[in-house]
$ cat upload22.csv   # CSV, C-alpha atoms
chain,number,residue,atom,x,y,z
A,1,MET,CA,0.0,0.0,0.0
A,2,LYS,CA,2.8,2.3,0.8
A,3,ASP,CA,4.5,1.9,-2.6
A,4,SER,CA,1.2,2.3,-4.3
A,5,SER,CA,0.6,5.6,-2.5
A,6,ILE,CA,4.1,6.8,-3.5
A,7,ASN,CA,3.4,5.9,-7.2
A,8,GLU,CA,0.0,7.6,-7.1
A,9,SER,CA,1.6,10.7,-5.6
A,10,ARG,CA,4.3,10.8,-8.3
A,11,GLU,CA,1.7,10.4,-11.0
A,12,HIS,CA,-0.4,13.3,-9.5
A,13,VAL,CA,2.7,15.5,-9.6
A,14,ASN,CA,3.5,14.6,-13.2
A,15,LEU,CA,-0.1,15.3,-14.3
A,16,ALA,CA,0.0,18.6,-12.4
A,17,LYS,CA,3.1,19.7,-14.4
A,18,ARG,CA,1.6,18.7,-17.7
A,19,ASP,CA,0.4,21.6,-20.0
A,20,TRP,CA,-3.1,20.4,-20.8
A,21,ARG,CA,-3.5,23.2,-23.4
A,22,PHE,CA,-1.6,21.1,-25.9
A,23,GLU,CA,-2.9,17.6,-24.9
A,24,ARG,CA,-4.5,17.0,-28.3
A,25,CYS,CA,-1.3,18.2,-30.0
A,26,ALA,CA,0.8,15.7,-28.0
A,27,ARG,CA,-1.6,12.9,-29.0
A,28,LEU,CA,-0.9,13.8,-32.6
A,29,PHE,CA,2.8,14.6,-32.6
A,30,GLY,CA,4.1,12.8,-29.6
A,31,SER,CA,5.9,14.1,-26.5
A,32,GLU,CA,9.3,14.3,-28.1
A,33,ALA,CA,8.0,16.5,-30.9
A,34,MET,CA,6.1,18.7,-28.4
A,35,SER,CA,9.4,19.3,-26.5
A,36,LYS,CA,11.0,20.4,-29.8
A,37,LEU,CA,8.1,22.8,-30.5
A,38,SER,CA,8.2,24.3,-27.0
A,39,GLY,CA,11.9,25.0,-27.4
A,40,SER,CA,11.6,26.5,-30.9
A,41,HIS,CA,11.7,30.1,-32.1
A,42,VAL,CA,9.7,31.2,-35.1
A,43,ALA,CA,9.7,34.8,-36.5
A,44,ILE,CA,6.6,35.9,-38.5
A,45,PHE,CA,7.0,38.9,-40.8
A,46,GLY,CA,3.6,40.5,-41.7
A,47,LEU,CA,0.6,39.9,-39.5
A,48,GLY,CA,-2.3,40.5,-42.0
A,49,GLY,CA,-4.8,38.1,-43.5
A,50,VAL,CA,-2.2,35.4,-43.7
A,51,GLY,CA,0.3,36.2,-41.0
A,52,SER,CA,-2.2,36.6,-38.2
A,53,TYR,CA,-3.4,33.0,-38.8
A,54,VAL,CA,0.2,31.8,-38.9
A,55,ALA,CA,0.8,33.2,-35.4
A,56,GLU,CA,-2.5,31.7,-34.2
A,57,GLY,CA,-1.7,28.3,-35.6
A,58,LEU,CA,1.8,28.2,-34.1
A,59,ALA,CA,0.6,29.5,-30.7
A,60,ARG,CA,-2.0,26.8,-30.6
A,61,SER,CA,0.5,24.1,-31.6
A,62,GLY,CA,2.8,24.7,-28.6
A,63,VAL,CA,5.7,26.6,-30.2
A,64,GLY,CA,7.5,28.2,-27.3
A,65,ARG,CA,8.9,31.5,-28.8
A,66,LEU,CA,7.5,33.9,-31.4
A,67,THR,CA,8.8,37.1,-32.9
A,68,LEU,CA,5.9,39.1,-34.4
A,69,VAL,CA,6.8,41.8,-36.9
A,70,ASP,CA,4.4,44.3,-38.5
A,71,PHE,CA,4.6,48.1,-38.6
A,72,ASP,CA,0.9,48.5,-39.6
A,73,LYS,CA,-2.2,49.4,-37.7
A,74,VAL,CA,-5.6,47.8,-38.1
A,75,CYS,CA,-7.7,49.4,-40.9
A,76,ILE,CA,-11.5,48.9,-41.1
A,77,THR,CA,-10.9,47.2,-44.5
A,78,ASN,CA,-8.9,44.5,-42.6
A,79,ILE,CA,-12.0,43.2,-40.8
A,80,ASN,CA,-13.0,40.8,-43.6
A,81,ARG,CA,-9.9,38.6,-43.2
A,82,GLN,CA,-7.5,39.5,-40.4
A,83,LEU,CA,-7.7,37.7,-37.1
A,84,HIS,CA,-7.1,40.6,-34.8
A,85,ALA,CA,-9.2,43.1,-36.8
A,86,VAL,CA,-12.6,43.9,-35.2
A,87,THR,CA,-14.5,47.1,-35.0
A,88,ALA,CA,-13.0,47.9,-31.6
A,89,THR,CA,-9.4,47.4,-32.7
A,90,VAL,CA,-9.3,49.7,-35.7
A,91,GLY,CA,-6.3,52.0,-35.4
A,92,GLN,CA,-4.4,49.7,-33.0
A,93,SER,CA,-1.0,48.1,-33.6
A,94,LYS,CA,-1.3,44.7,-35.3
A,95,ALA,CA,1.9,43.4,-33.6
A,96,GLU,CA,0.6,44.4,-30.2
A,97,LEU,CA,-2.8,43.0,-30.8
A,98,MET,CA,-1.4,39.6,-31.9
A,99,THR,CA,1.0,39.6,-29.0
A,100,ALA,CA,-1.9,40.0,-26.6
A,101,ARG,CA,-3.9,37.3,-28.4
A,102,VAL,CA,-1.2,34.6,-28.4
A,103,LEU,CA,-0.4,35.3,-24.8
A,104,ALA,CA,-4.0,34.8,-24.0
A,105,ILE,CA,-3.7,31.4,-25.7
A,106,ASN,CA,-0.5,30.5,-23.9
A,107,PRO,CA,0.7,32.8,-21.1
A,108,LYS,CA,4.0,30.8,-21.0
A,109,LEU,CA,4.8,31.8,-24.6
A,110,ALA,CA,7.9,34.0,-25.0
A,111,VAL,CA,6.8,36.8,-27.5
A,112,ARG,CA,8.8,39.6,-29.0
A,113,SER,CA,6.5,42.3,-30.4
A,114,CYS,CA,8.0,44.5,-33.2
A,115,SER,CA,5.9,47.3,-34.6
A,116,GLU,CA,8.5,47.9,-37.3
A,117,PHE,CA,8.9,47.8,-41.1
A,118,TYR,CA,11.2,45.1,-42.4
A,119,ASP,CA,13.9,46.3,-44.8
A,120,LYS,CA,17.6,46.2,-45.3
A,121,ASP,CA,18.1,48.6,-42.4
A,122,THR,CA,16.1,46.7,-39.8
A,123,SER,CA,16.9,43.2,-41.1
A,124,ALA,CA,19.8,42.4,-38.8
A,125,ALA,CA,18.1,43.6,-35.6
A,126,LEU,CA,14.8,41.8,-36.4
A,127,LEU,CA,16.5,38.5,-37.2
A,128,ASN,CA,18.5,38.7,-33.9
A,129,PRO,CA,18.3,36.4,-32.0
A,130,ARG,CA,18.3,34.0,-35.0
A,131,PRO,CA,15.0,32.2,-35.4
A,132,ASP,CA,14.7,28.4,-36.1
A,133,VAL,CA,12.2,29.2,-39.0
A,134,VAL,CA,11.1,32.5,-40.6
A,135,VAL,CA,7.7,32.9,-42.1
A,136,ASP,CA,7.4,35.6,-44.8
A,137,CYS,CA,3.9,37.1,-45.1
A,138,ILE,CA,5.1,40.4,-46.4
A,139,ASP,CA,3.1,42.2,-49.2
A,140,ASN,CA,5.8,44.7,-50.2
A,141,VAL,CA,7.9,43.1,-53.0
A,142,THR,CA,11.2,44.8,-52.2
A,143,ALA,CA,11.0,43.8,-48.5
A,144,LYS,CA,9.8,40.3,-49.3
A,145,VAL,CA,12.7,39.6,-51.7
A,146,HIS,CA,15.2,41.0,-49.2
A,147,LEU,CA,13.9,38.8,-46.4
A,148,VAL,CA,13.8,35.6,-48.4
A,149,ALA,CA,17.3,36.4,-49.8
A,150,THR,CA,18.7,37.1,-46.3
A,151,CYS,CA,17.3,33.8,-45.1
A,152,CYS,CA,18.9,32.0,-48.0
A,153,GLU,CA,22.2,33.7,-47.4
A,154,GLN,CA,22.1,32.9,-43.7
A,155,ASN,CA,20.8,29.4,-44.1
A,156,ILE,CA,17.6,30.1,-42.1
A,157,PRO,CA,14.7,27.9,-43.1
A,158,VAL,CA,12.0,30.1,-44.5
A,159,VAL,CA,8.3,29.6,-45.5
A,160,SER,CA,7.1,32.3,-47.9
A,161,ALA,CA,3.4,33.0,-48.5
A,162,LEU,CA,2.7,34.0,-52.1
A,163,GLY,CA,-0.4,35.6,-53.6
A,164,ALA,CA,-3.4,34.9,-51.4
A,165,SER,CA,-5.6,37.8,-52.7
A,166,ALA,CA,-7.9,37.6,-55.7
A,167,LYS,CA,-8.7,33.9,-54.9
A,168,LEU,CA,-11.9,32.2,-53.8
A,169,ASP,CA,-11.1,28.4,-53.6
A,170,PRO,CA,-9.2,27.4,-50.4
A,171,THR,CA,-8.9,23.8,-51.7
A,172,ARG,CA,-6.3,24.9,-54.3
A,173,VAL,CA,-3.7,26.0,-51.7
A,174,ARG,CA,-0.5,24.0,-51.9
A,175,VAL,CA,2.8,23.9,-50.1
A,176,VAL,CA,5.8,23.3,-52.5
A,177,PRO,CA,9.4,24.4,-53.1
A,178,LEU,CA,9.4,28.0,-54.4
A,179,ALA,CA,11.0,26.7,-57.6
A,180,GLU,CA,7.9,24.7,-58.4
A,181,THR,CA,5.2,27.3,-58.0
A,182,HIS,CA,3.2,28.3,-61.1
A,183,SER,CA,0.2,30.5,-62.0
A,184,ASP,CA,1.4,32.9,-59.3
A,185,ALA,CA,2.7,36.3,-60.4
A,186,LEU,CA,4.2,37.1,-57.0
A,187,GLY,CA,6.1,33.8,-57.0
A,188,ARG,CA,7.4,34.5,-60.5
A,189,VAL,CA,8.7,38.0,-59.5
A,190,LEU,CA,10.1,36.7,-56.3
A,191,ARG,CA,12.2,34.0,-58.1
A,192,LYS,CA,13.3,36.5,-60.7
A,193,PHE,CA,14.5,39.1,-58.2
A,194,LEU,CA,16.1,36.6,-55.9
A,195,ARG,CA,18.3,35.4,-58.8
A,196,SER,CA,19.0,38.8,-60.5
A,197,ARG,CA,19.3,41.1,-57.5
A,198,HIS,CA,20.7,38.7,-54.8
A,199,GLY,CA,22.4,35.9,-56.8
A,200,VAL,CA,20.3,33.2,-55.1
A,201,SER,CA,21.1,29.9,-56.7
A,202,ASP,CA,18.5,27.4,-57.9
A,203,GLU,CA,19.7,25.0,-55.3
A,204,LEU,CA,18.8,27.5,-52.5
A,205,LEU,CA,15.5,28.4,-54.2
A,206,ALA,CA,14.5,24.7,-54.0
A,207,LYS,CA,14.9,24.9,-50.2
A,208,VAL,CA,12.5,27.8,-49.8
A,209,VAL,CA,9.1,26.5,-48.8
A,210,ALA,CA,6.3,28.3,-50.6
A,211,VAL,CA,2.5,28.4,-49.9
A,212,PHE,CA,0.6,29.3,-53.1
A,213,SER,CA,-2.7,28.7,-54.9
A,214,ASP,CA,-2.9,27.6,-58.5
A,215,GLU,CA,-6.3,29.3,-58.9
A,216,PRO,CA,-6.3,32.0,-61.6
A,217,ALA,CA,-6.5,35.5,-60.0
A,218,LEU,CA,-9.8,37.4,-60.1
A,219,MET,CA,-9.6,41.0,-61.0
A,220,PRO,CA,-11.4,43.5,-58.6
A,221,GLN,CA,-14.9,44.6,-59.5
A,222,ALA,CA,-15.3,48.4,-59.6
A,223,ASP,CA,-17.9,49.9,-57.4
A,224,PRO,CA,-18.8,53.3,-58.7
A,225,ASP,CA,-20.7,54.2,-55.6
A,226,GLY,CA,-18.1,53.0,-53.1
A,227,ILE,CA,-14.8,54.5,-51.7
A,228,ALA,CA,-12.0,54.1,-54.2
A,229,CYS,CA,-9.6,52.4,-51.9
A,230,GLY,CA,-6.1,53.5,-53.0
A,231,VAL,CA,-7.4,57.0,-53.9
A,232,ASN,CA,-9.4,57.9,-50.9
A,233,CYS,CA,-7.6,55.8,-48.4
A,234,VAL,CA,-9.3,55.1,-45.0
A,235,CYS,CA,-6.4,53.4,-43.3
A,236,PRO,CA,-5.2,55.0,-40.1
A,237,ASP,CA,-1.6,54.8,-41.3
A,238,GLY,CA,-2.5,55.6,-44.9
A,239,ASP,CA,0.3,58.2,-45.4
A,240,ASN,CA,3.3,56.2,-44.3
A,241,ALA,CA,6.7,56.1,-45.9
A,242,HIS,CA,6.8,52.4,-46.5
A,243,HIS,CA,3.8,50.7,-48.1
A,244,THR,CA,0.5,52.6,-48.8
A,245,CYS,CA,-2.7,51.9,-50.6
A,246,LYS,CA,-2.2,55.1,-52.5
A,247,GLY,CA,1.0,53.7,-54.0
A,248,ARG,CA,-0.7,50.6,-55.4
A,249,HIS,CA,-1.9,50.4,-59.0
A,250,VAL,CA,-4.4,47.7,-58.3
A,251,ILE,CA,-6.0,46.7,-54.9
A,252,LEU,CA,-7.2,43.1,-55.2
A,253,GLY,CA,-10.2,41.6,-53.4
A,254,SER,CA,-9.6,38.9,-50.7
A,255,SER,CA,-11.5,36.3,-48.8
A,256,VAL,CA,-10.8,35.0,-45.3
A,257,CYS,CA,-11.5,31.5,-46.5
A,258,VAL,CA,-8.4,31.6,-48.6
A,259,THR,CA,-6.1,33.9,-46.6
A,260,ALA,CA,-6.7,31.9,-43.4
A,261,THR,CA,-6.0,28.7,-45.3
A,262,PHE,CA,-2.7,30.1,-46.5
A,263,GLY,CA,-1.8,31.0,-42.9
A,264,LEU,CA,-2.7,27.7,-41.4
A,265,ALA,CA,-1.0,25.8,-44.3
A,266,ALA,CA,2.1,27.9,-43.5
A,267,ALA,CA,1.8,27.2,-39.8
A,268,SER,CA,1.5,23.5,-40.5
A,269,ALA,CA,4.6,23.5,-42.7
A,270,VAL,CA,6.5,25.2,-39.9
A,271,VAL,CA,5.4,22.7,-37.3
A,272,ARG,CA,6.4,19.8,-39.6
A,273,MET,CA,9.8,21.3,-40.3
A,274,LEU,CA,10.5,21.9,-36.6
A,275,VAL,CA,9.7,18.2,-35.8
A,276,GLY,CA,11.7,16.8,-38.7
A,277,MET,CA,8.9,16.1,-41.1
A,278,ILE,CA,8.5,16.9,-44.8
A,279,PRO,CA,6.4,20.1,-45.1
A,280,PHE,CA,5.3,19.8,-48.7
A,281,SER,CA,1.9,18.7,-50.2
A,282,PRO,CA,1.7,15.1,-51.3
A,283,GLU,CA,3.6,14.1,-54.5
A,284,GLU,CA,0.5,13.3,-56.5
A,285,LYS,CA,-0.8,16.8,-55.8
A,286,ILE,CA,2.2,18.6,-57.2
A,287,SER,CA,3.4,16.4,-60.1
A,288,LYS,CA,1.8,18.7,-62.6
A,289,ARG,CA,3.5,21.7,-60.9
A,290,ARG,CA,6.8,20.0,-61.4
A,291,ARG,CA,6.2,19.8,-65.1
A,292,ASP,CA,5.0,23.4,-65.3
A,293,ALA,CA,7.9,24.6,-63.2
A,294,LYS,CA,10.3,23.7,-66.0
A,295,SER,CA,8.8,26.6,-68.0
A,296,ASN,CA,9.2,29.0,-65.1
A,297,SER,CA,12.9,29.6,-65.7
A,298,ALA,CA,12.2,30.9,-69.2
A,299,GLU,CA,9.4,33.1,-67.8
A,300,ASP,CA,11.7,34.4,-65.0
A,301,ALA,CA,14.4,35.4,-67.4
A,302,GLY,CA,11.9,37.4,-69.5
$ encode --input "upload22.csv" --output "structure tokens"
Amino acid sequence: MKDSSINESREHVNLAKRDWRFERCARLFGSEAMSKLSGSHVAIFGLGGVGSYVAEGLARSGVGRLTLVDFDKVCITNINRQLHAVTATVGQSKAELMTARVLAINPKLAVRSCSEFYDKDTSAALLNPRPDVVVDCIDNVTAKVHLVATCCEQNIPVVSALGASAKLDPTRVRVVPLAETHSDALGRVLRKFLRSRHGVSDELLAKVVAVFSDEPALMPQADPDGIACGVNCVCPDGDNAHHTCKGRHVILGSSVCVTATFGLAAASAVVRMLVGMIPFSPEEKISKRRRDAKSNSAEDAG
């Protein structure tokens, strides 16, 4: 009876120390994988319609340390797709809002909140300390190219989210090497500039994990009675020096059904990478993309 009481007491202590928030994750990944996740550091650049769901997915998967980077404030036009955007949060910092949200999910989470714009001048500071994985959810092409190129140069694993706007079908979202994306203008530009401006080799491009959709883009429908977003900007930070609606030639429509799928697909890829699994979509799903990718080199050079 005495030994039985001791064993029961030890079992009670072990159960008390267990983090029951991630019990269902542990049943799926196993305890060893959960230990890896809790000791991992992921940096997310861009906390909009895609990045906010990446942060949510990683926080709910037991990742122990996050760096959240976004210089922007919530705009009323973000409410249709961004996790932190509700009527009451318009005008507030996206980085601070997501920090509060992930800490509400897991108070033990170590979070660094950065309300800054990523560029060549802030790159070194924002990537220090060095993350285990970087997630690129940046809209600005120059900043996006620089971040992915920097990760390639420094051998930091990176997941890059490509064009999630102008799409309606979440079932067409795939996770593939960047070299194998197709039907995606942002992916094509990203590959071209990584090669031409930064000298990134095809070998390194093949290591970049890309989330993309092969659905053809849908051009925005003009609303003659509505606000011409991009002309009469309603964003609280509309006149900033980095990335503004007024500076865009076309502002595409977007659906949370697709942007959230992009974000959760990216989070899933990160989790699988951290625990030593292959992050890509099944082979049979991407065989056509491999064939199409052969023509991308010619397109990129044009």
$ residues_around --input "upload22.csv" --residues "A:Ser268" --least-positions-apart "6" --cutoff "10 Å" --atoms "all atoms listed in the file" --output "list in words"
Val54, Gly57, Leu58, Ser61, Val175, Phe262, Leu274, Pro279 and Phe280 of chain A
$ atom_distance --input "upload22.csv" --atom1 "atom CA of A:Ser160" --atom2 "atom CA of A:Asp202"
15.9 Å
$ closest_atom_pairs --input "upload22.csv" --of "stretch 108-210 of chain A" --to "stretch 65-88 of chain A" --cutoff "10 Å" --atoms "only C-alpha atoms" --output "tab-separated table"
residue	atom	partner	partner_atom	distance
A:Lys108	CA	A:Arg65	CA	9.2
A:Leu109	CA	A:Arg65	CA	5.9
A:Ala110	CA	A:Arg65	CA	4.7
A:Val111	CA	A:Leu66	CA	4.9
A:Arg112	CA	A:Thr67	CA	4.6
A:Ser113	CA	A:Leu68	CA	5.2
A:Cys114	CA	A:Val69	CA	4.7
A:Ser115	CA	A:Phe71	CA	4.3
A:Glu116	CA	A:Phe71	CA	4.1
A:Phe117	CA	A:Phe71	CA	5.0
A:Tyr118	CA	A:Val69	CA	7.8
A:Leu126	CA	A:Val69	CA	8.0
A:Leu127	CA	A:Thr67	CA	8.9
A:Asn128	CA	A:Thr67	CA	9.9
A:Pro129	CA	A:Thr67	CA	9.6
A:Pro131	CA	A:Thr67	CA	8.3
A:Asp132	CA	A:Arg65	CA	9.8
A:Val134	CA	A:Thr67	CA	9.3
A:Cys137	CA	A:Asp70	CA	9.8
A:Ile138	CA	A:Asp70	CA	8.8
$ residues_around --input "upload22.csv" --residues "A:Ala217" --least-positions-apart "4" --cutoff "8 Å" --atoms "only C-alpha atoms" --output "number ranges by chain"
A: 165-167
$ closest_residue --input "upload22.csv" --among "A:Leu218, A:Val275, A:Leu204, A:Val63" --to "A:Phe29" --atoms "all atoms listed in the file"
A:Val275
$ residues_near_point --input "upload22.csv" --point "(6.9, 37.2, -53.5)" --cutoff "7 Å" --atoms "only C-alpha atoms" --output "PyMOL selection string"
chain A and resi 141+144-145+162+186-187+189-190
$ atom_distance --input "upload22.csv" --atom1 "atom CA of A:Ser254" --atom2 "atom CA of A:Ala269"
22.4 Å
$ residues_near_point --input "upload22.csv" --point "(2.4, 23.8, -51.7)" --cutoff "10 Å" --atoms "all atoms listed in the file" --output "list of chain:residue names"
A:Ala161, A:Arg172, A:Val173, A:Arg174, A:Val175, A:Val176, A:Pro177, A:Leu178, A:Glu180, A:Thr181, A:Val209, A:Ala210, A:Val211, A:Phe212, A:Ser213, A:Asp214, A:Phe262, A:Ala265, A:Ala266, A:Ala269, A:Pro279, A:Phe280, A:Ser281, A:Pro282, A:Lys285, A:Ile286, A:Arg289
$ atom_distance --input "upload22.csv" --atom1 "atom CA of A:Val102" --atom2 "atom CA of A:Asn140"
25.0 Å
$ closest_residue --input "upload22.csv" --among "A:Val208, A:Met277, A:Ala104, A:Val135" --to "A:Ser52" --atoms "all atoms listed in the file"
A:Val135
$ closest_residue --input "upload22.csv" --among "A:Arg101, A:Arg188, A:Arg60, A:Arg195" --to "A:Gly163" --atoms "all atoms listed in the file"
A:Arg188
$ closest_residue --input "upload22.csv" --among "A:Leu103, A:Gln154, A:Val250, A:Asp136" --to "A:Ala124" --atoms "all atoms listed in the file"
A:Gln154
$ residues_around --input "upload22.csv" --residues "A:Thr261" --least-positions-apart "6" --cutoff "9 Å" --atoms "all atoms listed in the file" --output "MDAnalysis selection string"
chainID A and resid 50 53 170:171 173
$ residues_around --input "upload22.csv" --residues "A:Ala260" --least-positions-apart "3" --cutoff "7 Å" --atoms "only C-alpha atoms" --output "PyMOL selection string"
chain A and resi 49-50+53+256-257+263-264
$ build_atoms --input "upload22.csv" --residues "stretch 147-158 of chain A" --atoms "N, CA and C atoms" --output "PDB file, keeping the file's coordinate frame"
ATOM      1  N   LEU A 147      13.976  39.781 -47.476  1.00  0.00           N
ATOM      2  CA  LEU A 147      13.900  38.800 -46.400  1.00  0.00           C
ATOM      3  C   LEU A 147      14.181  37.423 -46.801  1.00  0.00           C
ATOM      4  N   VAL A 148      13.599  36.977 -47.906  1.00  0.00           N
ATOM      5  CA  VAL A 148      13.800  35.600 -48.400  1.00  0.00           C
ATOM      6  C   VAL A 148      15.310  35.439 -48.765  1.00  0.00           C
ATOM      7  N   ALA A 149      15.887  36.442 -49.431  1.00  0.00           N
ATOM      8  CA  ALA A 149      17.300  36.400 -49.800  1.00  0.00           C
ATOM      9  C   ALA A 149      18.199  36.296 -48.590  1.00  0.00           C
ATOM     10  N   THR A 150      17.873  37.084 -47.563  1.00  0.00           N
ATOM     11  CA  THR A 150      18.700  37.100 -46.300  1.00  0.00           C
ATOM     12  C   THR A 150      18.609  35.698 -45.662  1.00  0.00           C
ATOM     13  N   CYS A 151      17.424  35.098 -45.645  1.00  0.00           N
ATOM     14  CA  CYS A 151      17.300  33.800 -45.100  1.00  0.00           C
ATOM     15  C   CYS A 151      18.098  32.738 -45.852  1.00  0.00           C
ATOM     16  N   CYS A 152      18.073  32.865 -47.177  1.00  0.00           N
ATOM     17  CA  CYS A 152      18.900  32.000 -48.000  1.00  0.00           C
ATOM     18  C   CYS A 152      20.356  32.118 -47.716  1.00  0.00           C
ATOM     19  N   GLU A 153      20.807  33.372 -47.638  1.00  0.00           N
ATOM     20  CA  GLU A 153      22.200  33.700 -47.400  1.00  0.00           C
ATOM     21  C   GLU A 153      22.672  33.165 -46.020  1.00  0.00           C
ATOM     22  N   GLN A 154      21.793  33.282 -45.032  1.00  0.00           N
ATOM     23  CA  GLN A 154      22.100  32.900 -43.700  1.00  0.00           C
ATOM     24  C   GLN A 154      21.719  31.490 -43.305  1.00  0.00           C
ATOM     25  N   ASN A 155      21.202  30.778 -44.289  1.00  0.00           N
ATOM     26  CA  ASN A 155      20.800  29.400 -44.100  1.00  0.00           C
ATOM     27  C   ASN A 155      19.716  29.253 -42.994  1.00  0.00           C
ATOM     28  N   ILE A 156      18.784  30.213 -42.976  1.00  0.00           N
ATOM     29  CA  ILE A 156      17.600  30.100 -42.100  1.00  0.00           C
ATOM     30  C   ILE A 156      16.464  29.555 -42.824  1.00  0.00           C
ATOM     31  N   PRO A 157      15.884  28.455 -42.388  1.00  0.00           N
ATOM     32  CA  PRO A 157      14.700  27.900 -43.100  1.00  0.00           C
ATOM     33  C   PRO A 157      13.599  28.951 -43.159  1.00  0.00           C
ATOM     34  N   VAL A 158      12.983  29.061 -44.344  1.00  0.00           N
ATOM     35  CA  VAL A 158      12.000  30.100 -44.500  1.00  0.00           C
ATOM     36  C   VAL A 158      10.767  29.524 -45.274  1.00  0.00           C
TER      37      VAL A 158
END
